[in-house]
Structure formats: structure tokens, C-alpha cells
Amino acid sequence: MPVLSMDYLLPTLIVLFWTISIAHGHKQKSCSSEKRCKCIQLADETWKAVCSGLALYQFPTFQEDVSEINLNNNSIRHWNATRQFPFYLRELSMQKNTLFFYGISDLSFIKDLVNLRVLDVSDNVDYERDMGYPAKDFRLLKDLTALYIDGLRLGNFNANEWNLTSLTNLTIVDHCFFVRLDEGFFSGLQNLEYLLINGCPLLKTIDEGVFSWLPFLHTLDLSFNEHLKFAPFKNVSLDLQSTKIQILKAKKVHCTFGIGNLLRRDHIINFQNTSITELDLSSNRIEMMEKDVPKYLPSNLTILNVSDNQFTWGLYMLSYTFLRNLRIADVSLQYSYSFKNINEMGCENSLDCGDTTSESLLFSEDASNHHQASLSRKINISVYVPCKLEKIFFHSSKFYFNIGEVHVRHNHIKEYHVKNNFFYSLIGPMYGMEYAEYVDFSRNFVKNISKSFFDTFPNLTYLDLSKNLLGNCLNENVQYDHFKSLQKLVEIRLSSNEISTLPSKLLSNAVSLEILDLSYNLISNFTFTLSVKSPLKILDLSNNRLREMSRENINSLEDKHRRFNLTLDLSGNLLDCTCDTIPFIHWIRDSEINFQNKNSYQCKMSHNRKRTFSELTSILNELGNECSSNAASMTIGITMTVMAVIIVGITTLLYRFRWTIRYFFYLTKWEFQEIISPKEQKRQKDFEYSAFVTYSENDSNFAEIEMVHHLEEEGTLKICLPNRDFSPNVRTYGSITRAIHNSKKIICIVTEAFLEDRWCMYQLQMAEEDRVHREDSDCIVFIFFSPPSEEDMRGVDRSLFLVSLIEQRSYALFPKIEAERALFWQKLVDVLK
């Protein structure tokens with residue numbers, strides 16, 4: 001019996017092993033003599049061989065059913081006579097090899113690939129050489145539609161050598177050494193539709209007639225040829241009149257650094273006769289245009305990108321109204337700089353001299369300062385835009401002003417992208433906003449919004465005010481709704497605004513609101529103020545200071561969920577897990593509301609223990625045991641809680657008013673009579689010093705030598721220098737407070753060392769407290785050695801404090817030029833007297 005079983009078992013095992021081997025062989029098919037190549041089966045049951053990055057020095061062989069080959073990132077240079085490519089190969093990519101290294105340009109291996117459609121032999125030149133293309137090797141590629149190749153110095157695509165009638169896409173990027181594009185350069189590629197020539201550092205000339213050989217040309221990209229400049233575009237525009245051009249890109253055809261550029265009428269005058277719908281002139285240091293330049297842009301232009309330039313105000317801007325079909329305009333990133341390598345620092349900057357009269361420019365006298373208005377100035381302007389414009393990108397352009405009355409005339413703009421500027425106050429009104437649906441005011445340091453600013457935005461559906469400073473503008477003391485007129489608003493983002501409490505009427509009229517983002521604020525007590533009619537679907541309260549929610553708010557949220565399937569995010573809040581919050585914890589567990597990231601929620605239990613909601617069942621069991629104590633324990637617990645609240649409250653008050661308390665404490669020790677009548681104003685005759693000077697040790701030479709010489713010796717003033725006038729054992733908090741109180745002015749020498757010195761910051765805090773009780777609100781004088789910047793003010797605590805002080809008063813800038821310093825010292829003496 002056992003022998004009979006083996007007779008049946010052995011053939012069965014053999015068949016099974018053979019079947020498994022065949023299946024495994026199909027799964028691990030080898031399509032190349034190089035075993036490291038990956039083989040991927042395509043939809044038409046042919047194969048793609050991926051042999052990139054294998055450090056190959058010669059071609060491997062491939063199976064006949066391979067239709068795509070990737071040999072990128074190898075070191076292949078030589079070719080032998082044995083055919084190693086499949087006859088029906090459609091795509092071959094050999095990017096980043098060494099085909100043109102050492103002056104060798106043998107591409108004879110491609111002549112047999114008559115079915116090839118896509119060929120990539122780009123990035124195969126080590127450096128500039130006098131080489132041309134082996135056009136004879138390309139002539140048989142009748143089906144080739146896309147070619148990616150380096151720009152060889154002596155290369156061209158003229159009709160005498162080339163005849164690729166199927167080629168529609170030619171891409172030349174980075175490894176390009178063209179010096180000139182002459183009249184017949186592309187005459188052998190007359191069916192081209194897409195032509196990209198980027199990164200040719202030597203290209204300066206384009207002859208007339210270069211592109212006239214390409215009647216089907218749809219897209220022309222001449223970007224990143226940084227020495228080309230605008231002059232050759234006169235010839236380009238002439239040629240494009242005889243093509244089907246739709247897209248023209250000329251980004252960064254000037255190098256990064258240098259004087260601003262003038263876009264002249266003769267550069268683009270023939271574009272008006274082309275069919276261009278999209279034009280990119282970004283990153284070209286354009287500062288000014290001749291007044292009629294926009295008038296000569298293509299009449300069918302729908303997309304215009306002039307971002308990353310340096311535009312100044314001029315009457316040429318009024319000509320933009322001639323672009324009657326423009327839909328999208330990008331004028332963002334003004335006065336910004338971007339470059340790929342340090343070599344751009346040494347680029348040529350020669351003037352393109354022409355007939356440029358003042359009449360042809362017509363710019364305002366203060367054009368150079370257009371982007372920096374006074375922080376307190378309210379700008380009232382009228383803006384004229386193309387009548388069909390729908391989207392405008394105006395972000396990251398370093399504009400500093402408060403938005404006052406603005407008239408956007410005869411417009412249909414739906415989207416305003418104006419983030420990352422410096423619009424400190426939104427005052428308004430802004431007229432002409434009837435079509436606005438999308439507005440992005442994020443990252444603008446907005447501190448104030450007038451209650452009527454958004455009254456002229458009746459159709460707004462998306463509003464982004466995130467990453468601003470609206471904490472003081474949107475709080476529980478505000479009795480009106482800034483957004484009362486936004487009844488069509490669907491989404492509003494108020495994240496990262498230092499909001500601690502919410503106005504009682506916030507968004508009470510937003511009857512269409514679906515998404516409300518209040519994340520990354522300081523909200524500790526969320527009050528649901530939305531209209532009952534609002535179809536709220538997403539409420540983001542993540543990363544605030546919430547501990548729990550009231551029953552009233554819970555009921556409102558449940559009602560929203562029943563009607564609109566609400567999603568709620570409470571992650572990043574340290575919730576309370578106590579006896580009092582058990583109903584709140586049960587609600588989170590049992591509610592059908594979709595709580596985003598619920599398992600990551602954290603709560604604080606007794607003894608400040610933190611637990612995550614992944615242990616929610618265990619948390620509730622533990623709370624049940626802790627909260628089952630007797631009434632006496634409850635009373636003790638309540639008493640302790642009340643005491644804790646009182647202590648926290650007192651501590652909070654002490655911390656909040658710590659500088660005021662410290663100021664009056666030390667002042668009391670020295671001048672008790674000032675505490676008796678704290679409202680009495682300081683008089684001129686009571687001051688012991690003309691000025692108290694606060695400075696860091698690193699700036700002691702300036703303060704104790706130069707200031708003493710100019711203010712005391714020459715100016716006959718008496719100033720107080722802590723390092724000089726107080727011995728180390730007397731220089732206490734109290735003595736400093738008294739000296740500040742008895743000084744007419746307080747001079748702060750603000751440097752990086754000053755900002756890092758805690759003793760200096762203490763003196764500045766005391767000076768600010770003293771200023772509050774004076775008649776002279778400008779008693780603090782700031783002296784900077786360079787204009788203050790955001791980087792100077794980095795650091796949360798001192799940044800907010802110093803920025804608020806500097807905004808309230810002017811500051812003095814110490815001259816770098818010796819000849820100007822005498823006037824500086826004289827003006828400072830006058831101020832102190």
C-alpha cells in the first residue's frame with residue numbers, strides 16, 4: 001500500500017513543481033542580458049526595461065518584446081556593430097551618460113531603430129566643445145515624435161541634414177552651448193509643435209526667420225537663457241506671426257543681479273499679430289515699460305505672468321486695460337531674488353539704449369518708493385484692470401500700507417491672491433468687489449479689520465485670514481460681526497491669529513458656511529456663534545487650549561451633525577479628564593460626529609498625568625473609580641479646585657502685570673511721594689538727567705565715549721550711563737528704575753547685542769512702564785545703526801514688544817557717513833533740551 005501511494009505522489013509533486021517554476025519564471029521575467037535591470041509589463045503586453053543607475057559602460061542586449069528602455073544615469077560611451085536593441089523599440093532614454101564626452105558623437109546605434117518615437121540623449125556633454133549633431137544617424141527615424149538632446153555648440157537642425165517629418169517635440173535643457181540661432185536653424189523640423197530651449201548661457205542672438213520655418217509651433221519656451229535679453233524678441237515676434245503659437249515663455253532671460261530693465265515697445269510690437277494666449281515674462285528684473293507696451297501684447301492673451309520683477313508705478317499700467325481677454329495675471333514676488341548658482345553674481349549688465357524719452361515712460365516722481373508707504377498711512381486709490389480679468393496673483397511683493405478706500409474699476413475679478421505682504425489694517429471700503437469669490441489675505445500681519453471692510457464682498461465664498469495678528473480684533477469684547485455681509489461664504493480660515501476668545505456674534509450671518517478653521521490659536525473656551533442655518537461640515541479647533549465644551553455647545557454641534565454630517569478636529573488640545581468632564585469624555589466616545597485623529601487626543605488626569613484617547617475605555621474606568629468617593633472627599637476636592645483656580649488667577653494676574661508691579665515696587669523705595677499720587681504728570685523741572693542711556697556692553701565705547709563727548713562735553717547735557725554712574729554693587733533694579741524715572745528721555749542703542757541682553761530688555765520694560773505715567777509719550781528714543789528688519793526682531797517675546805514700541809514712535813538711524821554725524825548729534829541735543 002505505501003509503495004502504491006508513492007507511485008501516485010511522485011508524478012503529482014513533479015507536475016506541481018513544474019507549474020510553480022513556470023509561474024515564478026513569468027513573475028521574474030528577464031528582459032535583458034543585464035540581470036539587474038527591472039522588467040515591467042506594459043498594457044500592450046510588451047515590456048519596459050529599467051536599467052538606470054547601474055554604472056554600465058556598454059549596452060546590454062534586450063529581448064525582442066521590449067518596447068521601452070531606460071538607461072539613464074550610466075556611463076555608456078561606445079557602440080559596437082552588433083545590433084542590441086529590439087526592432088520594435090518605441091522609447092529609448094539615455095539621459096546622463098557619456099555619449100558626447102571627449103569629442104565623440106557616435107549615435108550610429110539609433111539608425112536601425114526605425115520604429116522609435118521618443119529618444120532622450122540629453123545631459124551627455126561634460127563641457128563646452130566644438131561639436132555638432134550626427135544628423136545622418138537621425139535621418140531614418142521617420143516615426144520619431146519627441147527628441148530630448150543637448151545643445152551642441154556647432155549643432156543645428158537645418159533642412160540640408162535633417163528631415164524628421166514626424167518630430168513634434170524638441171527639448172534642449174541646461175547642457176546647451178548655442179551661441180546664435182540663425183535663419184535656417186530649425187528648417188529640417190517643420191512639423192514641430194513644442195520647442196523648449198533652456199539654460200543656454202552663451203545664447204545672445206536670434207536671427208529673423210528662425211521660427212518662421214515652424215508653421216505648426218504651439219509652444220515656445222526660451223526661459224533661463226540669461227544673456228539673451230529682450231532685444232532678440234523683436235525678431236522672435238516677427239517670426240511667430242506665421243505660426244500657430246499659443247504659449248510663449250521667456251522667464252529669466254536676464255541675469256539675476258543688475259540694474260532694472262525697461263521693456264520697450266519695439267521688443268514686442270509684433271506680438272499683437274500673433275495668436276499667443278499665454279505669456280510668461282517672469283524673473284527678468286523689469287522695472288518699467290514704455291507707456292503703450294501692454295497695448296501691443298496679443299489681443300487674445302488670457303494668461304500673463306510678470307512675477308518676480310521690480311515694477312515701479314507708471315502710467316503704462318493704465319494700458320493694461322487694452323488686454324480685453326486677459327483672465328489670469330500674476331504680478332507676485334516683486335523685489336525678490338532667486339538664482340541657481342553663485343556664477344550669476346558676475347553676469348553682464350549693459351543698457352539696451354534706444355529712443356527712450358521721458359514721454360514714453362511717464363512714471364511718478366516717487367515711483368521708487370511705491371512699495372513702502374507709511375505704516376500709519378491709509379492708501380486711497382483707483383485701480384483699472386482688464387475687464388475680463390478673473391484671477392490676480394499679487395502675493396509676496398513687499399507692499400507696506402493700510403488698505404483704505406479702493407476703487408477697482410469695471411472688473412470681473414473672482415480671485416485675489418495677496419498673501420505674504422504687509423497690509424497691517426483693512427479699513428476700506430473696497431469698491432468693485434461684487435464678483436470676488438476667493439480672497440487670500442494670509443501672512444499679512446493684519447492687526448485690524450474695520451467692521452465694514454467686507455460689506456462690499458457680497459459674493460465671497462472663500463476667505464483666508466490665517467497667519468495674521470487678529471487676536472485683539474476678534475475677541476469677546478467685540479459686539480459686532482466683521483463678516484456680517486458674507487452670506488455666501490463657504491470657507492473661512494482664521495488659523496494662527498493668536499485668538500483667545502471669540503466675538504459673541506462672529507459669523508452669525510454666515511448662512512452658507514461649511515468650513516471653519518480656527519486651528520493654532522489660543523482659544524480656551526469655544527462658544528458656538530454660527531447661524532442655525534449654516535450648513536457647517538468641517539470645524540477645525542486643533543492646537544488650541546481647549547479643555548472641554550459646554551453642554552450648550554455640544555448640543556449645537558450634534559444638531560449640525562444630524563443635518564450636515566459634521567467633522568470636528570480637537571487634536572492638539574490638552575483636554576481635561578476629571579470628574580466634572582466625564583460627560584464631555586463620554587460624548588467624544590459615543591457621538592456619531594466624525595472626530596478627526598480621535599485616538600491622538602490627549603487629556604490630563606489627576607497628578608498631571610497625560611493619557612491619549614487610544615486608551616479611552618481605561619481612562620473612563622479610572623475616572624469612575626476616582627469619582628466614587630464620599631461627599632466629604634468631594635467637598636475637599638471642590639475646595640482644592642477653588643483654591644487652585646484662585647492661585648492660578650492670582651499667578652496669571654501677577655505675571656500679566658509683572659512689569660508694572662516691579663516698576664512701582666522699586667519706585668516706591670526711592671520716591672514714596674510718587675506712589676501717593678500716581679496720576680500726577682512728570683514736569684520738566686523735576687528731571688535730574690537729560691537722558692538715561694541703555695546699551696549693551698558691546699556698545700559701551702559708543703555710549704561712554706562718543707555720546708559723552710557730543711552730549712555732555714559739547715551739548716552741556718547731563719546723561720546717565722549705568723556703567724559709569726553706578727558702581728557694580730549699587731547698580732540694582734531699584735537704582736535703575738529711579739534713574740529712568742528722573743530722566744527726561746530714555747535713549748536705547750538697539751543692536752543685536754542689545755536684543756540678546758536681558759538686562760537691557762529689563763531697562764526697556766521699565767522705561768515703557770515709566771512712559772505710561774508721563775505727559776511726554778515720546779520720551780523713549782531708539783537709535784539704530786542699520787534699519788530694523790524682521791531678522792533683527794526674531795524671537796517671540798521681544799519681537800512683539802519691540803515692534804509695538806517702534807510702530808508707536810519714530811527712531812533715529814546713526815549715519816554711516818562721517819560728514820552726516822554732526823547734524824545727527826545736533827538734532828539729538830535739540831531733542832534732549
# chains A, B, ... in the order shown; residues from 1 in each chain; ligands from 1
call {"tool": "residues_around", "arguments": {"residues": "Leu92 of chain A", "least_positions_apart": "5", "cutoff": "9 Å", "atoms": "only C-alpha atoms", "output": "MDAnalysis selection string"}}
result
chainID A and resid 67:71 116:121
call {"tool": "write_last_selection", "arguments": {"atoms": "C-alpha atoms", "output": "compact mmCIF listing (two decimals), in the first residue's frame"}}
result
# COMPACT_ATOMS: atom_id res chain seq x y z
CA SER A 67 9.31 48.34 -26.33
CA GLU A 68 10.72 50.86 -23.80
CA ILE A 69 14.28 51.08 -22.41
CA ASN A 70 15.60 53.34 -19.64
CA LEU A 71 19.42 53.54 -19.49
CA LEU A 116 11.44 54.76 -32.34
CA ARG A 117 9.07 57.52 -31.24
CA VAL A 118 10.75 59.01 -28.15
CA LEU A 119 14.52 59.47 -27.79
CA ASP A 120 16.25 61.10 -24.82
CA VAL A 121 20.04 61.58 -25.16
call {"tool": "atom_distance", "arguments": {"atom1": "atom CA of Ile110 of chain A", "atom2": "atom CA of Ser212 of chain A"}}
result
29.2 Å
call {"tool": "residues_around", "arguments": {"residues": "Asn261 of chain A", "least_positions_apart": "6", "cutoff": "9 Å", "atoms": "only C-alpha atoms", "output": "ChimeraX atom specification"}}
result
/A:254,284-289,310,351-352
call {"tool": "select_by_dssp", "arguments": {"residues": "segment 163-198 of chain A", "states": "strand (DSSP E)", "output": "VMD selection string"}}
result
chain A and resid 169 to 173 180 to 181 194 to 198
call {"tool": "residues_around", "arguments": {"residues": "segment 817-823 of chain A", "least_positions_apart": "4", "cutoff": "12 Å", "atoms": "only C-alpha atoms", "output": "PDB file with C-alpha atoms, in the first residue's frame"}}
result
ATOM      1  CA  GLU A 706      31.085 109.301  21.625  1.00  0.00           C
ATOM      2  CA  MET A 707      27.820 110.126  23.385  1.00  0.00           C
ATOM      3  CA  HIS A 709      31.689 113.786  24.090  1.00  0.00           C
ATOM      4  CA  HIS A 710      28.818 115.052  21.944  1.00  0.00           C
ATOM      5  CA  LEU A 711      26.063 115.318  24.549  1.00  0.00           C
ATOM      6  CA  GLU A 714      29.704 119.722  23.606  1.00  0.00           C
ATOM      7  CA  GLY A 715      25.972 119.725  24.293  1.00  0.00           C
ATOM      8  CA  PHE A 785      22.963 101.503  13.372  1.00  0.00           C
ATOM      9  CA  ALA A 812      16.929 107.559  14.734  1.00  0.00           C
ATOM     10  CA  LEU A 813      19.369 105.946  12.325  1.00  0.00           C
ATOM     11  CA  LYS A 827      19.415 117.072  16.333  1.00  0.00           C
ATOM     12  CA  LEU A 828      19.741 114.675  19.252  1.00  0.00           C
ATOM     13  CA  VAL A 829      20.890 117.516  21.523  1.00  0.00           C
ATOM     14  CA  ASP A 830      17.900 119.599  20.408  1.00  0.00           C
TER      15      ASP A 830
END
call {"tool": "residues_around", "arguments": {"residues": "Leu494 of chain A", "least_positions_apart": "3", "cutoff": "8 Å", "atoms": "only C-alpha atoms", "output": "ChimeraX atom specification"}}
result
/A:464-467,497,516-519
call {"tool": "residues_around", "arguments": {"residues": "Phe211 of chain A", "least_positions_apart": "4", "cutoff": "9 Å", "atoms": "only C-alpha atoms", "output": "list in words"}}
result
Glu183, Gly184, Phe185, Phe186, Ser187, Pro215, Leu217, Val236, Leu238, Asp239, Leu240, Ser242 and Thr243 of chain A
call {"tool": "closest_residue", "arguments": {"among": "A:Thr639, A:Thr171, A:Thr716, A:Thr694", "to": "Ala767 of chain A", "atoms": "only C-alpha atoms"}}
result
A:Thr694
